[in-house]
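Take a look at the structure below.
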Protein chains: 2
Amino acid sequence: MDTRWIPAQPGMALADVDTPALLLDLDLFEHNLQAVLAAAAAAGVRVRPHAKSHKCVQIARRQIAAGAVGICCQKTSEAAAFLAGGVADVLITNEVVGARKLAALARLAAAYPAARLGVCVEDAAVARELGAACLAAAARLDVYVEADVGQGRAGVVDADELIGVARAVVAQPRLRFMGLHAYHGAAQHVRRVDERRQTIAAAAQKAAALRAALHAADLPCEIVTGAGTGSFVYEAASGVYNEVQPGSFALMDADYARNEADPSAPQFAQALFVLAGVMSIRGERVTLDAGLKALAVDSGPPVPAGPGWTVGAVSDEHTVLRRSGDGPPPKLGDKLLLIPGHCDPTVNLHDWIVAVRGERVEAVWSVDARGALF
Amino acid sequence: MDTRWIPAQPGMALADVDTPALLLDLDLFEHNLQAVLAAAAAAGVRVRPHAKSHKCVQIARRQIAAGAVGICCQKTSEAAAFLAGGVADVLITNEVVGARKLAALARLAAAYPAARLGVCVEDAAVARELGAACLAAAARLDVYVEADVGQGRAGVVDADELIGVARAVVAQPRLRFMGLHAYHGAAQHVRRVDERRQTIAAAAQKAAALRAALHAADLPCEIVTGAGTGSFVYEAASGVYNEVQPGSFALMDADYARNEADPSAPQFAQALFVLAGVMSIRGERVTLDAGLKALAVDSGPPVPAGPGWTVGAVSDEHTVLRRSGDGPPPKLGDKLLLIPGHCDPTVNLHDWIVAVRGERVEAVWSVDARGALF
């Protein structure tokens, strides 16, 4: 990439950062990281942050240095970016299917023999194909059986199915069966605390029954992993899960802010922003230089970080605001902070994360796994 | 980028393309290109396709080889990608503000003295700053004054304002005042033909009055440019516009398909698809390996290209379908074509466009201006 199109350089004043740029407030990022690790330590569970949110090796390294056991990601190509960046323990919390994709996964594992790489399966035939691919590539992989604990997407739904898939994994000499992946994604944005708690209680009950079935079948279950930012305290306290996978906590977004806060859980600060520039002022209407290509709107439009604005239309390259307060009138070239509706797909739109501390750019980090779709 | 993560190679069978991949059907792309050029030629107007939709040098070159006068884009960094790719006439249909951005624009123009590069202004002070930046960089730029002809976003709103900005442009020796940029973006997805036609009739009336005001003030107005895929036949027939800027026609999307078709206008075929793989089957529920990071949903979820499916949730990396027909049962690894809700932000999620003819990959093109936000 042409270096002219990097929005900032370390040492630069925040006011000089080019727009639109993805900003990470390092003080708040570090607060969030300590908060998640402290809560997990208190509950006696491991933390494996999900890196599909940040896609950034520099963030993953800081998470592991602070005590995380490794990271999660969703795609083989995403895992490749983290392994290449020196992250030595990566779990793909997703199914990988098809000969081409399984061979690529096995080759990746073989390329990093000193690292741990894991993946989920829900199908015995895929487990056998994966085992054969690892044999062909002289690779070893950790394998978790995905269980549907209420999300209603992928995963085995009962003990019989689980045992069948787990036995298929155990039969493959190059695969190490690790346990259960039991993530309830739909629970993360259940707004009310009592409903969120109940949803995870039910998920944990299902996970416990499946773990018991593995033990009854003389199959090991070293790890029960899952959970996200909205629910991880409940999985951590369940006595069933021994690893949690929150991701968004590192950054946060407007959608998570709409969850009712649980006073017994750590409170995460909004650490991620899109810095956008004022490019047109027509009366009370102000147009910013960041639109759908800088801000994902699947979970609603961005929210201005300060008061005095309401958001109108978001189009490809523009967000239109209207003044709703009495603040100072904006000027062309002014820069505003927007809170993305949804952090994960917003980060994926950017090549760079501008890491700021106070009013100063401390670092500019590559979004290493941006666009890692395969 | 690691070449292992390119989804296809030329000559490969379509069935072997890795997923998720952005596919362009070349026969349909060429049909759409001929259709737009024939309609514009019949109306006697120039075509300057908008490249914010495709962001691809190979597509821009084909558009120009077929008769387009150049291309449009939205950002200086996007223009840089096209100029670097040999596209010699680029119009940035957007305002550029702030000293850093104006200097970058002027440097870009200076780096390609044999090319034409244009930009929009709506503010006399910005025109003066731009003129000074071009003087400092020994650059020349074409400048269009943006007029608000009904969109209600940016642009001058009356003749007095227009004359003031145009005079500021004309006073700058390094800027060439070209005329009016009069784009009505909101008209493009007005569903009913009669309303779309009326909206553009009103826009053209405003543009005509502004052009007359320029002439009355002894200011030149060589070009009146604007229009998009949904409306360009009306601008082309207006007698006011002499250049049209449709972009999506090259690719098309599910949102454009919801417009009522005007039988008097060219009909564009859906040429862009996301090829997604079946990664989980649970009864009637089928999960694909393409989600929010492969498909923009700002204009609605993707639409399966064939019958027999309804779309459920779209999450970061997954789209869940349910079978609604009696077709053959799906198998893990099957590949389905999805029509994106909105082509522009979907293309921006991908590094590669897989250009297919029939069942064969003819070429794999880089999305050169992907992520060009600055």
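The way I read the labels, and the way they are meant: chains A, B, ... in the order of the structure tokens, residue 1 as the first residue of every chain, and ligand 1 as the first ligand shown, with later ones counted on from there.
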
What's around Asp16 of chain B at 10 Å? Count only C-alpha atoms, leave out sequence neighbours fewer than 6 positions away in its own chain, and write the answer as an MDAnalysis selection string.
(chainID A and resid 100) or (chainID B and resid 7:9 335 359:361)

Would you save the residues from that selection as a PDB file, in the first residue's frame, using N, CA and C atoms?
```
ATOM      1  N   ARG A 100     -10.204 -28.316  -0.595  1.00  0.00           N
ATOM      2  CA  ARG A 100      -9.237 -27.226  -0.754  1.00  0.00           C
ATOM      3  C   ARG A 100      -8.997 -26.507   0.567  1.00  0.00           C
TER       4      ARG A 100
ATOM      5  N   PRO B   7      -8.829 -16.453  -4.470  1.00  0.00           N
ATOM      6  CA  PRO B   7      -9.827 -17.519  -4.561  1.00  0.00           C
ATOM      7  C   PRO B   7      -9.815 -18.315  -5.852  1.00  0.00           C
ATOM      8  N   ALA B   8      -9.109 -17.845  -6.871  1.00  0.00           N
ATOM      9  CA  ALA B   8      -9.173 -18.544  -8.159  1.00  0.00           C
ATOM     10  C   ALA B   8      -7.961 -18.182  -8.995  1.00  0.00           C
ATOM     11  N   GLN B   9      -7.757 -18.948 -10.023  1.00  0.00           N
ATOM     12  CA  GLN B   9      -6.734 -18.672 -11.030  1.00  0.00           C
ATOM     13  C   GLN B   9      -7.406 -18.737 -12.398  1.00  0.00           C
ATOM     14  N   LYS B 335     -21.726 -24.870  -3.448  1.00  0.00           N
ATOM     15  CA  LYS B 335     -21.517 -23.421  -3.598  1.00  0.00           C
ATOM     16  C   LYS B 335     -22.761 -22.781  -4.182  1.00  0.00           C
ATOM     17  N   GLU B 359     -18.801 -21.314 -17.381  1.00  0.00           N
ATOM     18  CA  GLU B 359     -18.370 -22.096 -16.216  1.00  0.00           C
ATOM     19  C   GLU B 359     -16.860 -22.014 -15.998  1.00  0.00           C
ATOM     20  N   ARG B 360     -16.210 -21.003 -16.603  1.00  0.00           N
ATOM     21  CA  ARG B 360     -14.753 -20.941 -16.584  1.00  0.00           C
ATOM     22  C   ARG B 360     -14.293 -19.591 -16.042  1.00  0.00           C
ATOM     23  N   VAL B 361     -13.253 -19.585 -15.232  1.00  0.00           N
ATOM     24  CA  VAL B 361     -12.643 -18.333 -14.767  1.00  0.00           C
ATOM     25  C   VAL B 361     -11.774 -17.777 -15.888  1.00  0.00           C
TER      26      VAL B 361
END
```

Which of segment 40-191 of chain B counts as alpha helix (DSSP H) under DSSP, as a CSV table (one decimal) with N, CA and C atoms, in the first residue's frame please?
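Okay, this is what ended up in result_21.csv:
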```
chain,number,residue,atom,x,y,z
B,40,ALA,N,-26.7,6.2,-24.1
B,40,ALA,CA,-26.1,7.5,-24.0
B,40,ALA,C,-25.8,8.1,-25.4
B,41,ALA,N,-25.3,7.2,-26.3
B,41,ALA,CA,-25.0,7.7,-27.6
B,41,ALA,C,-26.2,8.1,-28.3
B,42,ALA,N,-27.3,7.4,-28.1
B,42,ALA,CA,-28.6,7.8,-28.7
B,42,ALA,C,-29.1,9.1,-28.2
B,43,ALA,N,-28.7,9.4,-27.0
B,43,ALA,CA,-29.2,10.7,-26.4
B,43,ALA,C,-28.1,11.8,-26.6
B,57,VAL,N,-9.3,-1.3,-11.7
B,57,VAL,CA,-8.7,-0.7,-12.9
B,57,VAL,C,-9.0,-1.5,-14.2
B,58,GLN,N,-9.1,-2.8,-14.1
B,58,GLN,CA,-9.4,-3.7,-15.3
B,58,GLN,C,-10.8,-3.4,-15.8
B,59,ILE,N,-11.7,-3.1,-14.9
B,59,ILE,CA,-13.1,-2.7,-15.3
B,59,ILE,C,-13.1,-1.3,-15.9
B,60,ALA,N,-12.4,-0.4,-15.3
B,60,ALA,CA,-12.3,1.0,-15.8
B,60,ALA,C,-11.7,1.0,-17.2
B,61,ARG,N,-10.6,0.2,-17.4
B,61,ARG,CA,-10.0,0.2,-18.8
B,61,ARG,C,-11.0,-0.3,-19.8
B,62,ARG,N,-11.8,-1.4,-19.5
B,62,ARG,CA,-12.8,-1.9,-20.4
B,62,ARG,C,-13.9,-0.9,-20.7
B,63,GLN,N,-14.3,-0.1,-19.7
B,63,GLN,CA,-15.3,0.9,-19.9
B,63,GLN,C,-14.8,2.0,-20.8
B,64,ILE,N,-13.6,2.4,-20.7
B,64,ILE,CA,-13.0,3.4,-21.5
B,64,ILE,C,-12.7,2.9,-22.9
B,65,ALA,N,-12.2,1.7,-23.0
B,65,ALA,CA,-12.0,1.1,-24.4
B,65,ALA,C,-13.3,1.0,-25.1
B,76,THR,N,-9.5,11.0,-3.1
B,76,THR,CA,-8.2,11.2,-3.8
B,76,THR,C,-7.4,9.9,-3.9
B,77,SER,N,-7.4,9.1,-2.8
B,77,SER,CA,-6.7,7.9,-2.8
B,77,SER,C,-7.2,6.9,-3.8
B,78,GLU,N,-8.6,7.0,-4.1
B,78,GLU,CA,-9.2,6.1,-5.1
B,78,GLU,C,-8.7,6.6,-6.5
B,79,ALA,N,-8.7,7.9,-6.7
B,79,ALA,CA,-8.2,8.4,-8.0
B,79,ALA,C,-6.7,8.0,-8.2
B,80,ALA,N,-6.0,8.0,-7.1
B,80,ALA,CA,-4.6,7.6,-7.2
B,80,ALA,C,-4.4,6.1,-7.8
B,81,ALA,N,-5.3,5.3,-7.3
B,81,ALA,CA,-5.3,3.9,-7.7
B,81,ALA,C,-5.6,3.8,-9.2
B,82,PHE,N,-6.5,4.6,-9.7
B,82,PHE,CA,-6.9,4.5,-11.1
B,82,PHE,C,-5.8,5.2,-12.0
B,83,LEU,N,-5.3,6.3,-11.6
B,83,LEU,CA,-4.2,6.9,-12.3
B,83,LEU,C,-3.0,6.0,-12.4
B,84,ALA,N,-2.7,5.4,-11.3
B,84,ALA,CA,-1.5,4.4,-11.3
B,84,ALA,C,-1.8,3.3,-12.3
B,99,ALA,N,-6.1,21.2,4.6
B,99,ALA,CA,-4.8,21.5,4.0
B,99,ALA,C,-4.1,20.2,3.6
B,100,ARG,N,-4.2,19.2,4.4
B,100,ARG,CA,-3.5,17.9,4.1
B,100,ARG,C,-4.1,17.3,2.9
B,101,LYS,N,-5.4,17.2,2.9
B,101,LYS,CA,-6.1,16.5,1.7
B,101,LYS,C,-5.9,17.3,0.4
B,102,LEU,N,-6.0,18.7,0.5
B,102,LEU,CA,-5.8,19.5,-0.7
B,102,LEU,C,-4.4,19.3,-1.2
B,103,ALA,N,-3.4,19.3,-0.3
B,103,ALA,CA,-2.0,19.1,-0.8
B,103,ALA,C,-1.8,17.8,-1.5
B,104,ALA,N,-2.4,16.7,-0.9
B,104,ALA,CA,-2.3,15.4,-1.5
B,104,ALA,C,-3.0,15.3,-2.8
B,105,LEU,N,-4.1,16.0,-3.0
B,105,LEU,CA,-4.8,16.1,-4.3
B,105,LEU,C,-3.9,16.8,-5.3
B,106,ALA,N,-3.3,17.9,-4.9
B,106,ALA,CA,-2.5,18.7,-5.8
B,106,ALA,C,-1.2,17.8,-6.2
B,107,ARG,N,-0.7,17.2,-5.3
B,107,ARG,CA,0.5,16.4,-5.6
B,107,ARG,C,0.2,15.2,-6.5
B,108,LEU,N,-1.0,14.7,-6.3
B,108,LEU,CA,-1.5,13.6,-7.3
B,108,LEU,C,-1.6,14.1,-8.7
B,109,ALA,N,-2.2,15.3,-8.8
B,109,ALA,CA,-2.4,15.9,-10.1
B,109,ALA,C,-1.0,16.2,-10.8
B,110,ALA,N,-0.1,16.6,-10.0
B,110,ALA,CA,1.2,17.0,-10.5
B,110,ALA,C,2.0,15.7,-10.9
B,111,ALA,N,1.7,14.6,-10.3
B,111,ALA,CA,2.4,13.3,-10.6
B,111,ALA,C,1.9,12.8,-11.9
B,124,ALA,N,-16.2,28.9,-1.8
B,124,ALA,CA,-15.2,29.7,-2.4
B,124,ALA,C,-13.8,29.7,-1.7
B,125,ALA,N,-13.9,29.6,-0.3
B,125,ALA,CA,-12.6,29.6,0.4
B,125,ALA,C,-11.8,28.3,0.1
B,126,VAL,N,-12.5,27.2,0.0
B,126,VAL,CA,-11.8,25.9,-0.4
B,126,VAL,C,-11.3,26.0,-1.8
B,127,ALA,N,-12.0,26.7,-2.7
B,127,ALA,CA,-11.5,26.9,-4.1
B,127,ALA,C,-10.2,27.6,-4.1
B,128,ARG,N,-10.1,28.6,-3.2
B,128,ARG,CA,-8.8,29.4,-3.1
B,128,ARG,C,-7.7,28.6,-2.5
B,129,GLU,N,-8.0,27.8,-1.5
B,129,GLU,CA,-7.0,26.9,-0.9
B,129,GLU,C,-6.5,25.9,-1.9
B,130,LEU,N,-7.5,25.3,-2.7
B,130,LEU,CA,-7.1,24.4,-3.7
B,130,LEU,C,-6.2,25.0,-4.8
B,131,GLY,N,-6.6,26.2,-5.2
B,131,GLY,CA,-5.8,26.9,-6.2
B,131,GLY,C,-4.3,27.1,-5.7
B,132,ALA,N,-4.2,27.5,-4.4
B,132,ALA,CA,-2.9,27.7,-3.8
B,132,ALA,C,-2.1,26.4,-3.7
B,133,ALA,N,-2.8,25.3,-3.4
B,133,ALA,CA,-2.1,24.0,-3.3
B,133,ALA,C,-1.6,23.6,-4.7
B,134,CYS,N,-2.4,23.9,-5.7
B,134,CYS,CA,-2.0,23.5,-7.1
B,134,CYS,C,-0.8,24.4,-7.5
B,135,LEU,N,-0.8,25.6,-7.1
B,135,LEU,CA,0.3,26.5,-7.4
B,135,LEU,C,1.6,26.0,-6.8
B,136,ALA,N,1.4,25.6,-5.5
B,136,ALA,CA,2.6,25.1,-4.8
B,136,ALA,C,3.1,23.8,-5.4
B,137,ALA,N,2.2,23.0,-5.9
B,137,ALA,CA,2.6,21.7,-6.4
B,137,ALA,C,2.9,21.7,-7.9
B,159,ALA,N,-28.2,30.7,-7.5
B,159,ALA,CA,-27.4,31.2,-8.5
B,159,ALA,C,-26.3,32.1,-7.9
B,160,ASP,N,-26.7,32.9,-6.9
B,160,ASP,CA,-25.7,33.8,-6.2
B,160,ASP,C,-24.6,33.0,-5.7
B,161,GLU,N,-24.9,31.9,-4.9
B,161,GLU,CA,-23.9,31.1,-4.3
B,161,GLU,C,-23.0,30.5,-5.4
B,162,LEU,N,-23.6,30.0,-6.4
B,162,LEU,CA,-22.9,29.4,-7.5
B,162,LEU,C,-21.9,30.3,-8.2
B,163,ILE,N,-22.4,31.5,-8.5
B,163,ILE,CA,-21.5,32.5,-9.1
B,163,ILE,C,-20.3,32.9,-8.2
B,164,GLY,N,-20.6,33.0,-6.9
B,164,GLY,CA,-19.5,33.3,-6.0
B,164,GLY,C,-18.4,32.2,-6.0
B,165,VAL,N,-18.8,30.9,-6.0
B,165,VAL,CA,-17.9,29.8,-6.0
B,165,VAL,C,-17.2,29.7,-7.3
B,166,ALA,N,-18.0,29.9,-8.4
B,166,ALA,CA,-17.4,29.7,-9.8
B,166,ALA,C,-16.3,30.8,-10.0
B,167,ARG,N,-16.6,32.0,-9.6
B,167,ARG,CA,-15.6,33.1,-9.7
B,167,ARG,C,-14.4,32.9,-9.0
B,168,ALA,N,-14.5,32.3,-7.8
B,168,ALA,CA,-13.3,31.9,-7.0
B,168,ALA,C,-12.5,30.9,-7.7
B,169,VAL,N,-13.1,30.0,-8.4
B,169,VAL,CA,-12.4,29.0,-9.2
B,169,VAL,C,-11.7,29.6,-10.4
B,170,VAL,N,-12.5,30.4,-11.1
B,170,VAL,CA,-11.9,31.0,-12.3
B,170,VAL,C,-10.7,31.9,-12.0
```

Using only C-alpha atoms, which residue out of B:Ile339, B:Leu91, B:Ala363, B:Ala294 lies closest to chain A?
B:Ala294

Straight-line distance linking atom CA of Ala208 of chain A with atom CA of Val143 of chain A, stated in Å to one decimal
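Result for atom CA of Ala208 of chain A versus atom CA of Val143 of chain A: 18.6 Å, one decimal.
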
Calculated over only C-alpha atoms, which of the candidates B:Ile6, B:Ala261, B:Ala305, B:Leu24 has the smallest distance to chain A?
B:Ile6

Tell me the residues of chain A close to chain B, meaning within 7 Å using only C-alpha atoms, as a ChimeraX atom specification.
/A:5,19-20,77,95-98,154,279-280,282,292-293,297-298,316,332-333,345,348-350,371,373-374

Saved selection, atoms kept: N, CA, C and O atoms, as an mmCIF file, in the first residue's frame:
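Wrote part_36.cif, looks like this:
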```cif
data_model
loop_
_atom_site.group_PDB
_atom_site.id
_atom_site.type_symbol
_atom_site.label_atom_id
_atom_site.label_comp_id
_atom_site.auth_asym_id
_atom_site.auth_seq_id
_atom_site.Cartn_x
_atom_site.Cartn_y
_atom_site.Cartn_z
ATOM 1 N N TRP A 5 -1.102 6.979 2.044
ATOM 2 C CA TRP A 5 -2.490 6.819 2.475
ATOM 3 C C TRP A 5 -2.611 6.187 3.849
ATOM 4 O O TRP A 5 -3.624 5.613 4.211
ATOM 5 N N THR A 19 -8.580 11.826 7.895
ATOM 6 C CA THR A 19 -9.904 11.206 8.042
ATOM 7 C C THR A 19 -10.344 10.574 6.734
ATOM 8 O O THR A 19 -9.936 11.027 5.673
ATOM 9 N N PRO A 20 -11.196 9.525 6.806
ATOM 10 C CA PRO A 20 -11.654 8.855 8.022
ATOM 11 C C PRO A 20 -10.615 7.862 8.536
ATOM 12 O O PRO A 20 -9.976 7.163 7.747
ATOM 13 N N SER A 77 -7.427 -18.183 6.797
ATOM 14 C CA SER A 77 -6.563 -17.084 6.345
ATOM 15 C C SER A 77 -6.345 -16.067 7.462
ATOM 16 O O SER A 77 -5.299 -15.410 7.524
ATOM 17 N N GLU A 95 -16.419 -23.962 11.530
ATOM 18 C CA GLU A 95 -16.198 -25.151 10.727
ATOM 19 C C GLU A 95 -15.391 -24.792 9.479
ATOM 20 O O GLU A 95 -15.551 -23.696 8.922
ATOM 21 N N VAL A 96 -14.581 -25.738 9.038
ATOM 22 C CA VAL A 96 -13.860 -25.603 7.772
ATOM 23 C C VAL A 96 -14.228 -26.843 6.959
ATOM 24 O O VAL A 96 -14.070 -27.965 7.445
ATOM 25 N N VAL A 97 -14.744 -26.628 5.748
ATOM 26 C CA VAL A 97 -15.179 -27.780 4.938
ATOM 27 C C VAL A 97 -14.664 -27.663 3.510
ATOM 28 O O VAL A 97 -14.356 -26.576 3.036
ATOM 29 N N GLY A 98 -14.588 -28.797 2.856
ATOM 30 C CA GLY A 98 -14.153 -28.850 1.465
ATOM 31 C C GLY A 98 -12.670 -29.186 1.384
ATOM 32 O O GLY A 98 -11.861 -28.740 2.200
ATOM 33 N N ALA A 154 -24.904 -23.637 13.843
ATOM 34 C CA ALA A 154 -24.207 -24.898 13.610
ATOM 35 C C ALA A 154 -24.106 -25.669 14.918
ATOM 36 O O ALA A 154 -24.479 -25.196 15.988
ATOM 37 N N MET A 279 -16.886 17.789 5.773
ATOM 38 C CA MET A 279 -16.549 18.174 4.403
ATOM 39 C C MET A 279 -17.588 19.072 3.741
ATOM 40 O O MET A 279 -17.352 19.590 2.659
ATOM 41 N N SER A 280 -18.725 19.249 4.402
ATOM 42 C CA SER A 280 -19.737 20.155 3.847
ATOM 43 C C SER A 280 -20.615 20.631 4.988
ATOM 44 O O SER A 280 -20.977 19.850 5.871
ATOM 45 N N ARG A 282 -24.130 22.906 5.352
ATOM 46 C CA ARG A 282 -25.227 23.634 4.694
ATOM 47 C C ARG A 282 -26.259 23.891 5.771
ATOM 48 O O ARG A 282 -27.102 23.030 6.055
ATOM 49 N N LEU A 292 -20.543 4.260 4.432
ATOM 50 C CA LEU A 292 -20.659 2.800 4.534
ATOM 51 C C LEU A 292 -19.333 2.080 4.312
ATOM 52 O O LEU A 292 -19.202 0.921 4.708
ATOM 53 N N LYS A 293 -18.376 2.741 3.669
ATOM 54 C CA LYS A 293 -17.081 2.097 3.425
ATOM 55 C C LYS A 293 -16.118 2.300 4.586
ATOM 56 O O LYS A 293 -15.005 1.769 4.575
ATOM 57 N N VAL A 297 -23.016 -0.625 9.190
ATOM 58 C CA VAL A 297 -24.302 -0.176 9.745
ATOM 59 C C VAL A 297 -25.274 -1.330 9.976
ATOM 60 O O VAL A 297 -26.462 -1.105 10.213
ATOM 61 N N ASP A 298 -24.787 -2.576 9.924
ATOM 62 C CA ASP A 298 -25.679 -3.722 10.121
ATOM 63 C C ASP A 298 -26.370 -3.695 11.480
ATOM 64 O O ASP A 298 -27.454 -4.258 11.641
ATOM 65 N N ASP A 316 -22.576 5.748 0.759
ATOM 66 C CA ASP A 316 -21.291 5.073 0.534
ATOM 67 C C ASP A 316 -20.110 5.780 1.208
ATOM 68 O O ASP A 316 -19.313 5.147 1.886
ATOM 69 N N LEU A 332 -15.551 23.700 8.332
ATOM 70 C CA LEU A 332 -15.021 22.728 7.371
ATOM 71 C C LEU A 332 -13.672 22.224 7.875
ATOM 72 O O LEU A 332 -12.834 23.010 8.320
ATOM 73 N N GLY A 333 -13.478 20.917 7.813
ATOM 74 C CA GLY A 333 -12.220 20.335 8.261
ATOM 75 C C GLY A 333 -12.217 19.935 9.725
ATOM 76 O O GLY A 333 -11.289 19.260 10.172
ATOM 77 N N PRO A 345 -17.330 -5.718 11.862
ATOM 78 C CA PRO A 345 -17.273 -5.400 10.428
ATOM 79 C C PRO A 345 -16.764 -3.991 10.141
ATOM 80 O O PRO A 345 -16.327 -3.725 9.016
ATOM 81 N N ASN A 348 -12.962 -4.300 9.930
ATOM 82 C CA ASN A 348 -12.627 -4.998 8.683
ATOM 83 C C ASN A 348 -12.616 -4.074 7.459
ATOM 84 O O ASN A 348 -12.152 -4.469 6.391
ATOM 85 N N LEU A 349 -13.133 -2.852 7.606
ATOM 86 C CA LEU A 349 -13.125 -1.891 6.498
ATOM 87 C C LEU A 349 -11.836 -1.078 6.441
ATOM 88 O O LEU A 349 -11.609 -0.351 5.472
ATOM 89 N N HIS A 350 -11.008 -1.201 7.481
ATOM 90 C CA HIS A 350 -9.852 -0.314 7.601
ATOM 91 C C HIS A 350 -8.539 -1.085 7.484
ATOM 92 O O HIS A 350 -8.439 -2.218 7.950
ATOM 93 N N GLY A 371 -10.029 -8.439 5.595
ATOM 94 C CA GLY A 371 -10.341 -9.096 4.336
ATOM 95 C C GLY A 371 -9.962 -10.564 4.270
ATOM 96 O O GLY A 371 -10.010 -11.157 3.196
ATOM 97 N N LEU A 373 -10.972 -13.693 4.209
ATOM 98 C CA LEU A 373 -12.282 -14.334 4.047
ATOM 99 C C LEU A 373 -12.207 -15.842 3.911
ATOM 100 O O LEU A 373 -13.233 -16.520 3.971
ATOM 101 N N PHE A 374 -11.009 -16.402 3.692
ATOM 102 C CA PHE A 374 -10.930 -17.794 3.225
ATOM 103 C C PHE A 374 -10.565 -18.787 4.335
ATOM 104 O O PHE A 374 -9.903 -18.438 5.266
#
```

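From atom CA of Val47 of chain B back to atom CA of Val69 of chain B, the distance works out to 6.1 Å.
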
Between atom CA of Pro304 of chain A and atom CA of Arg322 of chain A - distance in Å to one decimal
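Taking atom CA of Arg322 of chain A and atom CA of Pro304 of chain A, their separation equals 10.9 Å.
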
Using only C-alpha atoms, which protein or nucleic acid residues come within 7 Å of Asp25 of chain A? Drop anything in the same chain fewer than 6 positions from it, and give the result as a PDB file with N, CA and C atoms, in the first residue's frame.
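Final file, result14.pdb:
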```
ATOM      1  N   ALA A 271     -13.774   2.139  23.397  1.00  0.00           N
ATOM      2  CA  ALA A 271     -12.365   2.444  23.094  1.00  0.00           C
ATOM      3  C   ALA A 271     -12.114   2.666  21.611  1.00  0.00           C
ATOM      4  N   LEU A 272     -13.078   2.295  20.770  1.00  0.00           N
ATOM      5  CA  LEU A 272     -12.910   2.384  19.309  1.00  0.00           C
ATOM      6  C   LEU A 272     -13.778   3.508  18.750  1.00  0.00           C
ATOM      7  N   ALA A 355      -3.564   4.118  17.110  1.00  0.00           N
ATOM      8  CA  ALA A 355      -3.607   3.931  18.564  1.00  0.00           C
ATOM      9  C   ALA A 355      -3.191   5.235  19.232  1.00  0.00           C
ATOM     10  N   VAL A 356      -4.117   5.832  19.984  1.00  0.00           N
ATOM     11  CA  VAL A 356      -3.862   7.154  20.570  1.00  0.00           C
ATOM     12  C   VAL A 356      -3.864   7.060  22.090  1.00  0.00           C
ATOM     13  N   ARG A 357      -3.061   7.915  22.683  1.00  0.00           N
ATOM     14  CA  ARG A 357      -3.092   8.060  24.134  1.00  0.00           C
ATOM     15  C   ARG A 357      -3.247   9.551  24.397  1.00  0.00           C
TER      16      ARG A 357
END
```
